[in-house]
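K.L.:
Here you go, this is final_32.txt (compact mmCIF, C-alpha atoms and all ligand atoms).
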```txt
# COMPACT_ATOMS: atom_id res chain seq x y z
CA MET A 1 7.52 13.99 15.00
CA SER A 2 4.68 16.06 13.61
CA ILE A 3 2.84 16.43 10.31
CA THR A 4 5.00 17.96 7.56
CA TYR A 5 3.47 20.21 4.89
CA LYS A 6 5.27 20.10 1.55
CA ASP A 7 6.06 23.28 -0.39
CA ALA A 8 6.28 23.42 -4.19
CA ALA A 9 9.76 21.90 -4.24
CA GLY A 10 8.72 19.16 -1.83
CA ILE A 11 5.69 18.35 -3.96
CA GLU A 12 7.93 18.03 -7.03
CA GLY A 13 10.22 15.68 -5.10
CA MET A 14 7.26 13.60 -3.95
CA ARG A 15 5.84 13.44 -7.48
CA THR A 16 9.08 12.07 -8.81
CA ALA A 17 9.55 9.53 -6.02
CA GLY A 18 5.93 8.41 -6.30
CA ARG A 19 6.10 7.87 -10.05
CA LEU A 20 9.36 5.96 -9.75
CA ALA A 21 7.88 3.63 -7.11
CA ALA A 22 4.93 2.93 -9.42
CA GLU A 23 7.28 2.30 -12.32
CA VAL A 24 9.00 -0.45 -10.34
CA LEU A 25 5.60 -2.20 -10.19
CA ASP A 26 5.10 -1.62 -13.93
CA HIS A 27 8.47 -3.25 -14.58
CA LEU A 28 7.65 -6.28 -12.41
CA THR A 29 4.15 -6.88 -13.78
CA PRO A 30 5.03 -9.12 -16.77
CA PHE A 31 7.20 -11.35 -14.58
CA ILE A 32 4.53 -12.15 -11.99
CA LYS A 33 3.49 -15.54 -13.35
CA PRO A 34 3.27 -19.09 -11.97
CA GLY A 35 6.76 -20.45 -11.23
CA ILE A 36 8.58 -17.24 -10.34
CA THR A 37 9.73 -16.98 -6.74
CA THR A 38 9.17 -13.85 -4.70
CA ARG A 39 12.94 -13.69 -4.20
CA GLU A 40 13.35 -13.44 -7.98
CA ILE A 41 10.79 -10.62 -8.00
CA ASP A 42 12.82 -8.89 -5.29
CA GLN A 43 16.02 -9.33 -7.32
CA LEU A 44 14.36 -7.87 -10.44
CA ALA A 45 13.19 -4.89 -8.39
CA ALA A 46 16.63 -4.30 -6.89
CA GLU A 47 18.20 -4.25 -10.38
CA TYR A 48 15.53 -1.91 -11.70
CA MET A 49 15.88 0.51 -8.77
CA LYS A 50 19.60 0.67 -9.46
CA LYS A 51 18.87 1.64 -13.08
CA GLN A 52 16.36 4.26 -11.92
CA GLY A 53 18.78 5.76 -9.45
CA THR A 54 16.48 5.06 -6.51
CA LEU A 55 17.12 3.35 -3.20
CA SER A 56 14.80 0.83 -1.61
CA ALA A 57 13.36 2.24 1.61
CA THR A 58 12.60 -1.23 2.94
CA LEU A 59 16.07 -2.79 2.64
CA GLY A 60 17.57 -2.59 6.12
CA TYR A 61 14.57 -0.69 7.46
CA GLN A 62 14.44 -1.19 11.21
CA PRO A 63 11.73 0.49 13.27
CA ALA A 64 12.10 0.11 17.05
CA GLY A 65 11.48 -3.46 18.11
CA TYR A 66 11.92 -4.95 14.62
CA PRO A 67 14.85 -6.74 13.00
CA PRO A 68 16.23 -5.02 9.87
CA TYR A 69 13.93 -5.77 6.92
CA PRO A 70 15.96 -7.97 4.55
CA ALA A 71 14.55 -7.19 1.07
CA SER A 72 13.97 -4.42 -1.47
CA LEU A 73 10.18 -4.85 -1.38
CA CYS A 74 7.43 -6.79 0.41
CA THR A 75 5.58 -9.73 -1.14
CA SER A 76 2.45 -10.83 0.70
CA VAL A 77 0.84 -13.98 -0.70
CA ASN A 78 -2.74 -15.21 -0.05
CA ASN A 79 -3.33 -15.18 3.74
CA VAL A 80 -0.31 -12.93 4.33
CA VAL A 81 -1.70 -9.51 5.26
CA CYS A 82 1.49 -7.44 4.92
CA HIS A 83 5.29 -7.31 5.27
CA GLY A 84 5.83 -10.72 3.64
CA ILE A 85 9.53 -11.34 3.04
CA PRO A 86 10.51 -12.59 -0.43
CA ASN A 87 11.54 -16.27 -0.38
CA GLU A 88 12.40 -19.30 -2.53
CA LYS A 89 8.86 -20.61 -2.90
CA PRO A 90 7.51 -20.37 -6.47
CA LEU A 91 4.18 -18.61 -6.98
CA LYS A 92 1.51 -20.95 -8.22
CA LYS A 93 -1.60 -20.55 -10.34
CA GLY A 94 -4.44 -19.13 -8.25
CA ASP A 95 -2.24 -17.27 -5.76
CA ILE A 96 -2.87 -13.60 -5.08
CA VAL A 97 0.14 -11.49 -4.16
CA ASN A 98 0.63 -7.95 -2.97
CA VAL A 99 3.88 -6.33 -4.05
CA ASP A 100 4.69 -3.24 -1.96
CA VAL A 101 7.45 -0.93 -3.19
CA THR A 102 8.89 2.08 -1.42
CA VAL A 103 11.70 4.02 -3.08
CA ILE A 104 13.79 7.00 -2.04
CA LYS A 105 14.74 9.59 -4.67
CA ASP A 106 16.67 12.71 -3.65
CA GLY A 107 15.60 12.10 -0.07
CA TRP A 108 11.86 11.88 -0.89
CA TYR A 109 9.84 8.69 -0.38
CA GLY A 110 7.23 7.13 -2.69
CA ASP A 111 5.20 4.18 -1.41
CA THR A 112 2.74 2.10 -3.45
CA SER A 113 1.48 -1.46 -3.72
CA ARG A 114 -0.69 -3.46 -6.08
CA MET A 115 -2.30 -6.88 -6.07
CA PHE A 116 -1.46 -9.43 -8.74
CA LEU A 117 -3.45 -12.52 -9.70
CA VAL A 118 -1.04 -15.34 -10.50
CA GLY A 119 -2.47 -17.06 -13.58
CA GLU A 120 -6.20 -17.56 -13.09
CA ALA A 121 -7.63 -16.75 -9.66
CA SER A 122 -10.87 -17.96 -8.10
CA ILE A 123 -13.97 -15.79 -8.31
CA ALA A 124 -13.73 -15.23 -4.55
CA ALA A 125 -10.09 -14.09 -4.74
CA LYS A 126 -10.82 -11.77 -7.68
CA ARG A 127 -13.73 -10.24 -5.81
CA LEU A 128 -11.60 -9.59 -2.71
CA VAL A 129 -8.89 -7.95 -4.83
CA GLN A 130 -11.42 -5.79 -6.71
CA ILE A 131 -13.35 -4.70 -3.62
CA THR A 132 -10.08 -3.81 -1.87
CA TYR A 133 -9.05 -1.69 -4.86
CA GLU A 134 -12.37 0.12 -4.76
CA ALA A 135 -12.08 0.51 -0.97
CA MET A 136 -8.75 2.32 -1.41
CA TRP A 137 -10.33 4.63 -3.98
CA HIS A 138 -13.36 5.30 -1.77
CA GLY A 139 -10.80 6.66 0.68
CA ILE A 140 -8.82 8.62 -1.92
CA VAL A 141 -11.83 10.47 -3.32
CA GLN A 142 -12.60 11.87 0.13
CA VAL A 143 -9.30 13.74 0.22
CA LYS A 144 -9.59 17.55 0.21
CA PRO A 145 -8.93 20.38 2.66
CA GLY A 146 -11.36 20.41 5.58
CA VAL A 147 -12.15 16.71 5.44
CA ARG A 148 -10.95 14.68 8.44
CA LEU A 149 -9.02 11.44 8.58
CA GLY A 150 -12.01 9.77 10.25
CA ASP A 151 -14.03 10.46 7.09
CA ILE A 152 -11.52 8.53 5.00
CA GLY A 153 -11.46 5.60 7.42
CA TRP A 154 -15.22 5.48 7.64
CA GLN A 155 -15.73 5.39 3.86
CA ILE A 156 -13.26 2.53 3.50
CA GLN A 157 -14.73 0.57 6.38
CA LYS A 158 -18.34 1.09 5.27
CA PHE A 159 -17.59 -0.07 1.75
CA ALA A 160 -15.51 -3.13 2.76
CA GLU A 161 -17.91 -4.30 5.45
CA SER A 162 -21.01 -3.79 3.30
CA ASN A 163 -19.38 -6.22 0.88
CA GLY A 164 -18.94 -8.82 3.61
CA PHE A 165 -15.23 -8.26 4.25
CA SER A 166 -13.30 -7.00 7.28
CA VAL A 167 -10.74 -4.23 7.77
CA VAL A 168 -7.40 -4.91 9.47
CA ARG A 169 -6.93 -2.56 12.45
CA GLU A 170 -3.32 -3.15 13.45
CA PHE A 171 -1.72 -1.49 10.40
CA CYS A 172 -2.57 1.80 8.77
CA GLY A 173 -1.57 4.36 6.18
CA HIS A 174 0.89 7.06 7.18
CA GLY A 175 2.27 10.47 6.46
CA ILE A 176 5.27 10.27 4.14
CA GLY A 177 7.84 12.75 2.89
CA ARG A 178 11.51 12.84 3.76
CA ASN A 179 10.70 9.96 6.11
CA PHE A 180 9.15 6.60 5.31
CA HIS A 181 6.58 6.79 8.11
CA GLU A 182 5.53 10.18 9.45
CA GLU A 183 2.48 11.49 11.23
CA PRO A 184 -0.42 11.24 10.82
CA GLN A 185 -1.60 7.65 11.05
CA VAL A 186 -4.27 7.01 8.42
CA LEU A 187 -6.68 4.42 9.81
CA HIS A 188 -8.81 2.45 7.34
CA TYR A 189 -11.79 2.47 9.70
CA GLY A 190 -13.28 5.13 11.92
CA LYS A 191 -15.97 7.70 12.51
CA PRO A 192 -16.93 10.60 10.20
CA GLY A 193 -15.89 14.05 11.42
CA THR A 194 -13.16 12.77 13.76
CA LEU A 195 -9.36 13.02 13.84
CA GLU A 196 -6.96 15.33 11.99
CA GLU A 197 -8.26 17.86 9.47
CA LEU A 198 -6.64 17.64 6.03
CA LYS A 199 -4.71 20.69 4.82
CA PRO A 200 -2.97 21.46 1.52
CA GLY A 201 0.57 20.12 1.31
CA MET A 202 -0.03 17.02 3.42
CA THR A 203 1.16 13.79 1.80
CA PHE A 204 0.13 10.40 3.12
CA THR A 205 -0.63 6.88 2.03
CA ILE A 206 -3.97 5.10 1.89
CA GLU A 207 -3.34 1.35 2.00
CA PRO A 208 -6.27 -0.70 3.28
CA MET A 209 -5.70 -4.33 4.20
CA ILE A 210 -9.00 -6.16 3.74
CA ASN A 211 -9.64 -9.75 4.82
CA ALA A 212 -12.11 -12.18 3.31
CA GLY A 213 -12.79 -13.57 6.79
CA ARG A 214 -12.26 -12.12 10.25
CA ARG A 215 -10.20 -8.98 10.79
CA GLU A 216 -7.78 -10.40 13.38
CA VAL A 217 -4.15 -10.91 12.43
CA LYS A 218 -1.10 -12.55 14.01
CA GLU A 219 2.61 -12.76 13.46
CA PHE A 220 3.72 -15.72 11.40
CA GLY A 221 6.86 -17.68 12.21
CA ASN A 222 9.81 -15.92 13.78
CA ASP A 223 11.08 -13.54 11.09
CA GLY A 224 9.75 -10.59 13.08
CA TRP A 225 7.81 -9.18 10.09
CA THR A 226 5.31 -11.47 8.38
CA ILE A 227 1.69 -10.84 9.35
CA VAL A 228 -1.08 -13.32 8.48
CA THR A 229 -4.81 -13.58 9.04
CA LYS A 230 -5.64 -15.43 12.25
CA ASP A 231 -8.35 -17.46 10.51
CA HIS A 232 -6.14 -18.21 7.46
CA SER A 233 -8.54 -16.35 5.17
CA LEU A 234 -7.27 -14.44 2.13
CA SER A 235 -6.16 -10.83 2.55
CA ALA A 236 -5.67 -8.10 -0.05
CA GLN A 237 -4.10 -4.63 -0.03
CA TRP A 238 -3.58 -1.73 -2.43
CA GLU A 239 -1.63 1.42 -1.68
CA HIS A 240 -1.23 4.89 -3.15
CA THR A 241 0.59 7.95 -1.87
CA VAL A 242 -1.61 11.06 -2.16
CA LEU A 243 -1.17 14.82 -1.85
CA VAL A 244 -3.82 17.15 -0.42
CA THR A 245 -4.17 19.99 -2.96
CA ASP A 246 -6.01 23.30 -2.53
CA THR A 247 -9.15 21.76 -4.01
CA GLY A 248 -8.85 17.99 -3.55
CA TYR A 249 -6.22 15.36 -4.10
CA GLU A 250 -3.44 14.32 -6.40
CA VAL A 251 -2.36 10.67 -6.52
CA LEU A 252 1.44 10.72 -6.55
CA THR A 253 2.04 7.04 -7.28
CA LEU A 254 0.55 6.80 -10.75
CA SER A 255 2.46 5.51 -13.77
CA ALA A 256 1.74 4.29 -17.28
CA GLY A 257 0.92 0.83 -15.92
CA SER A 258 -1.36 1.85 -13.05
CA PRO A 259 -4.76 0.21 -13.22
CA PRO A 260 -7.41 2.82 -14.06
CA PRO A 261 -9.47 4.21 -11.17
CA PRO A 262 -12.91 2.63 -10.67
CA ALA A 263 -15.84 4.12 -12.61
CA PHE A 264 -17.14 6.03 -9.55
CA VAL A 265 -14.01 8.22 -9.58
CA ASN A 266 -14.66 11.22 -11.80
CA LYS A 267 -11.46 13.11 -12.43
N1 LIG B 1 5.70 -0.33 2.46
C1 LIG B 1 5.09 -0.64 3.73
C2 LIG B 1 4.09 0.46 3.97
O1 LIG B 1 3.27 0.65 3.15
C3 LIG B 1 6.06 -0.75 4.84
C4 LIG B 1 6.97 -1.91 4.69
S1 LIG B 1 8.13 -1.86 5.93
C5 LIG B 1 9.04 -3.22 5.63
O2 LIG B 1 4.11 1.23 4.90
F1 LIG B 1 10.08 -3.11 6.34
F2 LIG B 1 8.31 -4.28 5.91
F3 LIG B 1 9.38 -3.28 4.36
CO CO B 2 3.94 0.32 1.17
CO CO B 3 2.84 2.66 3.26
```
Would you give me this structure, written as structure tokens?

P.N.:
Amino acid sequence: MSITYKDAAGIEGMRTAGRLAAEVLDHLTPFIKPGITTREIDQLAAEYMKKQGTLSATLGYQPAGYPPYPASLCTSVNNVVCHGIPNEKPLKKGDIVNVDVTVIKDGWYGDTSRMFLVGEASIAAKRLVQITYEAMWHGIVQVKPGVRLGDIGWQIQKFAESNGFSVVREFCGHGIGRNFHEEPQVLHYGKPGTLEELKPGMTFTIEPMINAGRREVKEFGNDGWTIVTKDHSLSAQWEHTVLVTDTGYEVLTLSAGSPPPPAFVNK
């Protein structure tokens, strides 16, 4: 498969799918409190997607070598890096959780995730979540025609590492469109001036996974999906789907409840 460039109709489709994915997160936000289980969050999301007229892209998703993913979203708590499967364990005060939603609307995919602090979080956890949010945006603001993917990765890596954190290497952002995962891969580390050149009409995600400790990860248990930090340190992730425009970028996964961009983003 190769990179797909979206025309005006494709961009409209991606805008709608992106907003709807973000609105699932808006809907879930007030429920993410101590005591709720991630399975209940998944159930709430499934009901809401039905009302929206979207389909979950994760439910039954089965890339080569994986078992079918069993839920309508991913919930990755504390040391879980990504692909956490909703379960019966209640969230507790001080947990941090990533909720990652991908919906399909009229064949177009929108993919976005946010971090949530469950009740009060420690200073260290809040700092990891905030720095990871800013790391994602340091990548987003690079996006414009002529820039290369290595420039995005480098900006994210430089920012995360200068704050004492590490960047997960095994998972990356991805092209997205009429498929969940398309070319190109969007690494969250790299070298300036390398890799694919951005062109108008490209749509891809930027979704850095940043660890408080070492960058290494491992599979957890035997569900075939859950990824944790090898050193058990906390991990955070944020994700937006973006469009390369003629002059810069458009974030496709914004909604009324999206957290505002950091102050360094002037747009
Ligand atoms: N939404 C994830 C991403 O950002 C992929 C989740 S695949 C799943 O690419 F099967 F684990 F849900
Ligand atoms: Co996602
Ligand atoms: Co993604």

K.L.:
Select, from A:Gly224, A:Gly175, A:Pro192, A:Pro200, the residue with the minimum atom-to-atom distance to ligand CO 2 (chain B), counting only C-alpha atoms and all ligand atoms.

P.N.:
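Among A:Gly224, A:Gly175, A:Pro192, A:Pro200, it is A:Gly175 that comes nearest to ligand CO 2 (chain B).
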
K.L.:
Near A:Leu195, counting all atoms listed in the file, which residues have an atom at most 12 Å away, once you skip same-chain residues fewer than 5 positions from it, shown as a list of chain:residue names?

P.N.:
A:Gly146, A:Val147, A:Arg148, A:Leu149, A:Gly150, A:Asp151, A:Ile152, A:Gly153, A:Trp154, A:Pro184, A:Gln185, A:Val186, A:Leu187, A:Tyr189, A:Gly190

K.L.:
Write out, as a PDB file, keeping the file's coordinate frame, the residues just selected, with C-alpha atoms.

P.N.:
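File written: again-v8.pdb
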```pdb
ATOM      1  CA  GLY A 146     -11.360  20.410   5.580  1.00  0.00           C
ATOM      2  CA  VAL A 147     -12.150  16.710   5.440  1.00  0.00           C
ATOM      3  CA  ARG A 148     -10.950  14.680   8.440  1.00  0.00           C
ATOM      4  CA  LEU A 149      -9.020  11.440   8.580  1.00  0.00           C
ATOM      5  CA  GLY A 150     -12.010   9.770  10.250  1.00  0.00           C
ATOM      6  CA  ASP A 151     -14.030  10.460   7.090  1.00  0.00           C
ATOM      7  CA  ILE A 152     -11.520   8.530   5.000  1.00  0.00           C
ATOM      8  CA  GLY A 153     -11.460   5.600   7.420  1.00  0.00           C
ATOM      9  CA  TRP A 154     -15.220   5.480   7.640  1.00  0.00           C
ATOM     10  CA  PRO A 184      -0.420  11.240  10.820  1.00  0.00           C
ATOM     11  CA  GLN A 185      -1.600   7.650  11.050  1.00  0.00           C
ATOM     12  CA  VAL A 186      -4.270   7.010   8.420  1.00  0.00           C
ATOM     13  CA  LEU A 187      -6.680   4.420   9.810  1.00  0.00           C
ATOM     14  CA  TYR A 189     -11.790   2.470   9.700  1.00  0.00           C
ATOM     15  CA  GLY A 190     -13.280   5.130  11.920  1.00  0.00           C
TER      16      GLY A 190
END
```

K.L.:
Name the closest residue to A:Gly164 among the candidates A:Ala124, A:Ala45, A:Thr16, A:Lys50; distances are taken between atoms, counting all atoms listed in the file.

P.N.:
A:Ala124

K.L.:
For ligand CO 2 (chain B), collect every residue having any atom at a distance of at most 10 Å from a ligand atom (counting only C-alpha atoms and all ligand atoms); output as a VMD selection string.

P.N.:
chain A and resid 21 57 to 58 73 to 74 82 to 83 98 to 103 110 to 114 173 to 174 180 to 181 205 to 207 237 to 241

K.L.:
Emit the selected residues as a compact mmCIF listing (two decimals), in the coordinates of the input, including C-alpha atoms.

P.N.:
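Written file, again-v2.txt:
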```txt
# COMPACT_ATOMS: atom_id res chain seq x y z
CA ALA A 21 7.88 3.63 -7.11
CA ALA A 57 13.36 2.24 1.61
CA THR A 58 12.60 -1.23 2.94
CA LEU A 73 10.18 -4.85 -1.38
CA CYS A 74 7.43 -6.79 0.41
CA CYS A 82 1.49 -7.44 4.92
CA HIS A 83 5.29 -7.31 5.27
CA ASN A 98 0.63 -7.95 -2.97
CA VAL A 99 3.88 -6.33 -4.05
CA ASP A 100 4.69 -3.24 -1.96
CA VAL A 101 7.45 -0.93 -3.19
CA THR A 102 8.89 2.08 -1.42
CA VAL A 103 11.70 4.02 -3.08
CA GLY A 110 7.23 7.13 -2.69
CA ASP A 111 5.20 4.18 -1.41
CA THR A 112 2.74 2.10 -3.45
CA SER A 113 1.48 -1.46 -3.72
CA ARG A 114 -0.69 -3.46 -6.08
CA GLY A 173 -1.57 4.36 6.18
CA HIS A 174 0.89 7.06 7.18
CA PHE A 180 9.15 6.60 5.31
CA HIS A 181 6.58 6.79 8.11
CA THR A 205 -0.63 6.88 2.03
CA ILE A 206 -3.97 5.10 1.89
CA GLU A 207 -3.34 1.35 2.00
CA GLN A 237 -4.10 -4.63 -0.03
CA TRP A 238 -3.58 -1.73 -2.43
CA GLU A 239 -1.63 1.42 -1.68
CA HIS A 240 -1.23 4.89 -3.15
CA THR A 241 0.59 7.95 -1.87
```

K.L.:
I'd like to know which of A:Thr54, A:Thr245, A:Thr226, A:Asn78 is closest to ligand LIG 1 (chain B), using all atoms listed in the file.

P.N.:
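Smallest separation from ligand LIG 1 (chain B) among the options: A:Thr226.
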
K.L.:
Counting only C-alpha atoms and all ligand atoms, figure out which residue out of A:Ile210, A:Val168, A:Val118, A:Ile176 gets nearest to ligand CO 3 (chain B).

P.N.:
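Under the stated criterion, the closest residue is A:Ile176.
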
K.L.:
What separation in Å, quoted to one decimal, exists between atom CA of A:Asp42 and atom CA of A:Lys89?

P.N.:
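The value is 12.6 Å.
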
K.L.:
Could you give me the centre and size, in Å to one decimal, of an axis-aligned box around all listed atoms of ligand LIG 1 (chain B) with 8 Å added on every side, as lines of an AutoDock Vina configuration file?

P.N.:
```
center_x = 6.7
center_y = -1.5
center_z = 4.4
size_x = 22.8
size_y = 21.5
size_z = 19.9
```

K.L.:
One decimal, Å: what's the distance from atom CA of A:Asp26 over to atom CA of A:Gln157, could you say?

P.N.:
28.5 Å

K.L.:
Counting only C-alpha atoms and all ligand atoms, figure out which residue out of A:Leu59, A:Ala64, A:Leu25, A:Val251 gets nearest to ligand LIG 1 (chain B).

P.N.:
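Smallest separation from ligand LIG 1 (chain B) among the options: A:Leu59.
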
K.L.:
Can you tell me how far atom CA of A:Phe204 sits from atom CA of A:Tyr48, in Å to one decimal?

P.N.:
24.7 Å

K.L.:
Please identify all polymer residues within 6 Å of stretch 215-220 of chain A, counting all atoms listed in the file, omitting same-chain residues fewer than 2 positions from it, and present them as a list in words.

P.N.:
Ser166, Val167, Val168, Thr226, Ile227, Val228, Thr229 and Lys230 of chain A

K.L.:
Could you name the residues that touch A:Gly13 at 9 Å or less, counting only C-alpha atoms, but leaving out those on the same chain fewer than 2 positions away, as a list in words?

P.N.:
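Those residues are Ala8, Ala9, Gly10, Ile11, Arg15, Thr16, Ala17, Gly18, Lys105, Asp106, Gly107, Trp108, Tyr109 and Gly177 of chain A.
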
K.L.:
For A:Lys199, list every protein, DNA or RNA residue within 9 Å, evaluated using all atoms listed in the file, and leave out those in the same chain fewer than 2 positions away; present the list as number ranges by chain.

P.N.:
A: 5, 144-147, 197, 201-202, 244-246

K.L.:
Near stretch 27-34 of chain A, within 6 Å and counting all atoms listed in the file, which residues show up once chain neighbours fewer than 2 positions away are dropped, as an MDAnalysis selection string?

P.N.:
chainID A and resid 24:25 36 91:93 118

K.L.:
Would you mind completing stretch 104-113 of chain A so that it carries all heavy atoms, and writing it out as a PDB file, in the frame of the given file?

P.N.:
```pdb
ATOM      1  N   ILE A 104      13.302   5.678  -2.463  1.00  0.00           N
ATOM      2  CA  ILE A 104      13.790   7.000  -2.040  1.00  0.00           C
ATOM      3  C   ILE A 104      14.489   7.616  -3.243  1.00  0.00           C
ATOM      4  O   ILE A 104      15.351   6.976  -3.859  1.00  0.00           O
ATOM      5  CB  ILE A 104      14.805   6.892  -0.886  1.00  0.00           C
ATOM      6  CG1 ILE A 104      14.291   5.953   0.211  1.00  0.00           C
ATOM      7  CG2 ILE A 104      15.128   8.283  -0.338  1.00  0.00           C
ATOM      8  CD1 ILE A 104      15.353   5.609   1.262  1.00  0.00           C
ATOM      9  N   LYS A 105      14.076   8.848  -3.595  1.00  0.00           N
ATOM     10  CA  LYS A 105      14.740   9.590  -4.670  1.00  0.00           C
ATOM     11  C   LYS A 105      15.027  10.999  -4.141  1.00  0.00           C
ATOM     12  O   LYS A 105      14.093  11.705  -3.741  1.00  0.00           O
ATOM     13  CB  LYS A 105      13.846   9.647  -5.913  1.00  0.00           C
ATOM     14  CG  LYS A 105      14.450  10.410  -7.078  1.00  0.00           C
ATOM     15  CD  LYS A 105      15.627   9.655  -7.672  1.00  0.00           C
ATOM     16  CE  LYS A 105      16.110  10.322  -8.955  1.00  0.00           C
ATOM     17  NZ  LYS A 105      17.194   9.526  -9.596  1.00  0.00           N
ATOM     18  N   ASP A 106      16.269  11.391  -4.157  1.00  0.00           N
ATOM     19  CA  ASP A 106      16.670  12.710  -3.650  1.00  0.00           C
ATOM     20  C   ASP A 106      16.114  12.981  -2.252  1.00  0.00           C
ATOM     21  O   ASP A 106      15.711  14.109  -1.936  1.00  0.00           O
ATOM     22  CB  ASP A 106      16.207  13.827  -4.607  1.00  0.00           C
ATOM     23  CG  ASP A 106      16.844  13.701  -5.983  1.00  0.00           C
ATOM     24  OD1 ASP A 106      17.967  13.148  -6.083  1.00  0.00           O
ATOM     25  OD2 ASP A 106      16.213  14.148  -6.965  1.00  0.00           O
ATOM     26  N   GLY A 107      16.044  11.927  -1.447  1.00  0.00           N
ATOM     27  CA  GLY A 107      15.600  12.100  -0.070  1.00  0.00           C
ATOM     28  C   GLY A 107      14.092  12.010   0.126  1.00  0.00           C
ATOM     29  O   GLY A 107      13.610  11.986   1.259  1.00  0.00           O
ATOM     30  N   TRP A 108      13.325  11.967  -0.978  1.00  0.00           N
ATOM     31  CA  TRP A 108      11.860  11.880  -0.890  1.00  0.00           C
ATOM     32  C   TRP A 108      11.409  10.443  -1.070  1.00  0.00           C
ATOM     33  O   TRP A 108      11.985   9.708  -1.864  1.00  0.00           O
ATOM     34  CB  TRP A 108      11.207  12.779  -1.948  1.00  0.00           C
ATOM     35  CG  TRP A 108      11.527  14.219  -1.746  1.00  0.00           C
ATOM     36  CD1 TRP A 108      12.437  14.960  -2.432  1.00  0.00           C
ATOM     37  CD2 TRP A 108      10.956  15.095  -0.765  1.00  0.00           C
ATOM     38  NE1 TRP A 108      12.477  16.245  -1.955  1.00  0.00           N
ATOM     39  CE2 TRP A 108      11.578  16.359  -0.925  1.00  0.00           C
ATOM     40  CE3 TRP A 108       9.981  14.941   0.230  1.00  0.00           C
ATOM     41  CZ2 TRP A 108      11.250  17.454  -0.125  1.00  0.00           C
ATOM     42  CZ3 TRP A 108       9.663  16.034   1.023  1.00  0.00           C
ATOM     43  CH2 TRP A 108      10.297  17.274   0.841  1.00  0.00           C
ATOM     44  N   TYR A 109      10.336  10.068  -0.365  1.00  0.00           N
ATOM     45  CA  TYR A 109       9.840   8.690  -0.380  1.00  0.00           C
ATOM     46  C   TYR A 109       8.553   8.567  -1.197  1.00  0.00           C
ATOM     47  O   TYR A 109       7.669   9.417  -1.094  1.00  0.00           O
ATOM     48  CB  TYR A 109       9.539   8.224   1.055  1.00  0.00           C
ATOM     49  CG  TYR A 109      10.770   7.927   1.886  1.00  0.00           C
ATOM     50  CD1 TYR A 109      11.644   8.957   2.239  1.00  0.00           C
ATOM     51  CD2 TYR A 109      11.058   6.641   2.314  1.00  0.00           C
ATOM     52  CE1 TYR A 109      12.779   8.687   3.002  1.00  0.00           C
ATOM     53  CE2 TYR A 109      12.186   6.364   3.084  1.00  0.00           C
ATOM     54  CZ  TYR A 109      13.043   7.396   3.422  1.00  0.00           C
ATOM     55  OH  TYR A 109      14.155   7.126   4.164  1.00  0.00           O
ATOM     56  N   GLY A 110       8.473   7.475  -1.974  1.00  0.00           N
ATOM     57  CA  GLY A 110       7.230   7.130  -2.690  1.00  0.00           C
ATOM     58  C   GLY A 110       6.875   5.703  -2.339  1.00  0.00           C
ATOM     59  O   GLY A 110       7.733   4.816  -2.399  1.00  0.00           O
ATOM     60  N   ASP A 111       5.610   5.472  -1.982  1.00  0.00           N
ATOM     61  CA  ASP A 111       5.200   4.180  -1.410  1.00  0.00           C
ATOM     62  C   ASP A 111       3.907   3.731  -2.092  1.00  0.00           C
ATOM     63  O   ASP A 111       2.890   4.448  -2.038  1.00  0.00           O
ATOM     64  CB  ASP A 111       4.979   4.392   0.100  1.00  0.00           C
ATOM     65  CG  ASP A 111       4.727   3.131   0.889  1.00  0.00           C
ATOM     66  OD1 ASP A 111       4.813   2.031   0.326  1.00  0.00           O
ATOM     67  OD2 ASP A 111       4.441   3.267   2.107  1.00  0.00           O
ATOM     68  N   THR A 112       3.939   2.564  -2.737  1.00  0.00           N
ATOM     69  CA  THR A 112       2.740   2.100  -3.450  1.00  0.00           C
ATOM     70  C   THR A 112       2.745   0.581  -3.533  1.00  0.00           C
ATOM     71  O   THR A 112       3.812  -0.042  -3.598  1.00  0.00           O
ATOM     72  CB  THR A 112       2.656   2.712  -4.858  1.00  0.00           C
ATOM     73  OG1 THR A 112       1.437   2.314  -5.478  1.00  0.00           O
ATOM     74  CG2 THR A 112       3.816   2.299  -5.747  1.00  0.00           C
ATOM     75  N   SER A 113       1.561  -0.006  -3.527  1.00  0.00           N
ATOM     76  CA  SER A 113       1.480  -1.460  -3.720  1.00  0.00           C
ATOM     77  C   SER A 113       0.275  -1.799  -4.583  1.00  0.00           C
ATOM     78  O   SER A 113      -0.691  -1.041  -4.665  1.00  0.00           O
ATOM     79  CB  SER A 113       1.416  -2.190  -2.381  1.00  0.00           C
ATOM     80  OG  SER A 113       0.128  -2.163  -1.817  1.00  0.00           O
TER      81      SER A 113
END
```
